[in-house]
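Here is the structure we will look at.
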Amino acid sequence: MSDSNAKISVSDLHKSFGRNEVLRGVDLDVDRGKSLVVIGGSGSGKSVLAKCILGLIKVDKGVIEIDGRNIARQTDSDRRFMTGQSGMLFQGAALFDSLPVWENIGFRLIYAQGKSRKAARDKAIDCLSQVGLAPEIGDLFPSELSGGMQKRVGLARAIAADPQILFFDEPTTGLDPIMADVINNLILERVKALGATAISITHDMASARKIADEVAMLYQGRIIWRGRPEEIENSNNPMVDQFVHGRAEGPIKMAMRRR
Amino acid sequence: MNIFAATGRTTLASLRETGRIANFASRGALSWVTGPFYWRAFFSALYRIGFASLPVVGLTAIFTGAALALNIYDGSLRFNAETFLPQILGVSIVRELGPVLAALMVAGRCSSAMAAELGTMRVTEQIDAMSTLAVEPFKYLIAPRILATTLALPALVLIADIIGVYGGYLVSVYALDFSGPIFVKNISEFLENRDVISGLIKAAVFGFLISSMGCYYGYNSRGGAQGVGSATRTAVVASAVAVLASNYFMTSLLVEF
């Protein structure tokens, strides 16, 4: 049984794709109202971990507890339990191209909660203002927005139903440093305002330092280090050191074909 | 390489794929009754698949009817049976060409669009995003499309039947010197309800198959632009084959009644 203050508790989580063992026994707890950032190299399984917790990918083995309820079997009821209280900001925002911005934000309210289109639109406009966007943006289509605006709309969509758990998958990837900091500030502000528990996946160390209460590093399918952001410079872990300082030489070997 | 092993593997893979498509299609059909049903998505699909396909189906039907009239006339002249042109034309269009050609047109136009749209949604994580918003993608994206196509195709076929016969009428009256009233009288006296109904039954089945293929290959596409391209191509080819193969089996069943 997990720590009673843990909102999310993952233990011995395994996931393989064919012969590729991506998660090899992940153990992770996130306390209620805290923000955990999972760092790790490309292909280390960070996004797979988040998608397993969300029920988007079937797990091979392990336990995923939300408020003490094991949802690892991913039955329809487990999935409803999880999606009913969570929101996610996807790496590429994943906005629905065929719907205007306001309907993207209000999608859950209309189609899952049965709210009227007017109520959903009002809420969407309110969410747009929370992420610093004007109400007129609501009538545009996602293809008419810049990358940074799409991320902000993605964030607005994630928070529209006041979720208790928020996932952020590479929230600052592909953005300029100033827009990345704007997104980091919005994440901090919105997570705090909702009192939500957050798991962020990133390899942007500036973002990790800013939005994390705790940082965990995923390497070869396991959590190899965990600590507060200010401890990361003195982790005494050569793999964390190499990753944080972005060095090609070190214990982490990237798969490269030599000539 | 062992040819028997290769044949066995291919056969098993084909059977597995057929099973997966059948499972997918039946899940789509079941979603109509288990709810929630998204009416807005259904009417949007009905408009795109039904109403927007009218021009292409109409053009195909009128030219096919016209060409068919010329061919029947030319062929039947050889044994002095040209007076039967309206009857042969009517039966050919209503029972066979109307349903099959309309279905092939809709397969080319809509099955590809479904596969491309759903495939792009899959590779850009929009389908995953929908799940995280507590809306089941299968019920929002698949069920409305399958039902819309299954209902739209019979309506399109009925219109194609009328336009196709009218194409034959134009050629018969203005190029082959048939009498207009006699053409109409012959065709309306000869055609039976079961001719029309069998065409409409076929159309509904074709609609179900076409949309199931388009949705299946799009929903399960992988690997970026190339994956979406491959899903689109496979959806069109599989839809066309499914229409033509099922047409034979349905015809052999329906002629019994």
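The way I read the labels, and the way they are meant: chains A, B, ... in the order of the structure tokens, residue 1 as the first residue of every chain, and ligand 1 as the first ligand shown, with later ones counted on from there.
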
Quick one: which residues from chain B are at most 10 Å off chain A, using only C-alpha atoms, as JSON, numbers by chain?
{"B": [36, 37, 38, 117, 120, 121, 122, 123, 124, 125, 126, 127, 128, 129, 130, 131, 132, 133, 134, 135, 136, 140]}

From a DSSP calculation on the backbone, collect every residue of stretch 112-207 of chain A in helix (DSSP H, G or I) and output the set as a PyMOL selection string.
chain A and resi 117-130+135-139+142-144+147-159+177-194+205-207

Counting only C-alpha atoms, figure out which residue out of B:Ala143, B:Ala116, B:Ala175, B:Leu153 gets nearest to B:Ala225.
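Closest candidate: B:Ala116.
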
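Ranking A:Gly33, A:Pro142, A:Pro163, A:Gly40 by their shortest atom-to-atom distance to A:Arg226, with only C-alpha atoms included, puts A:Gly40 first.
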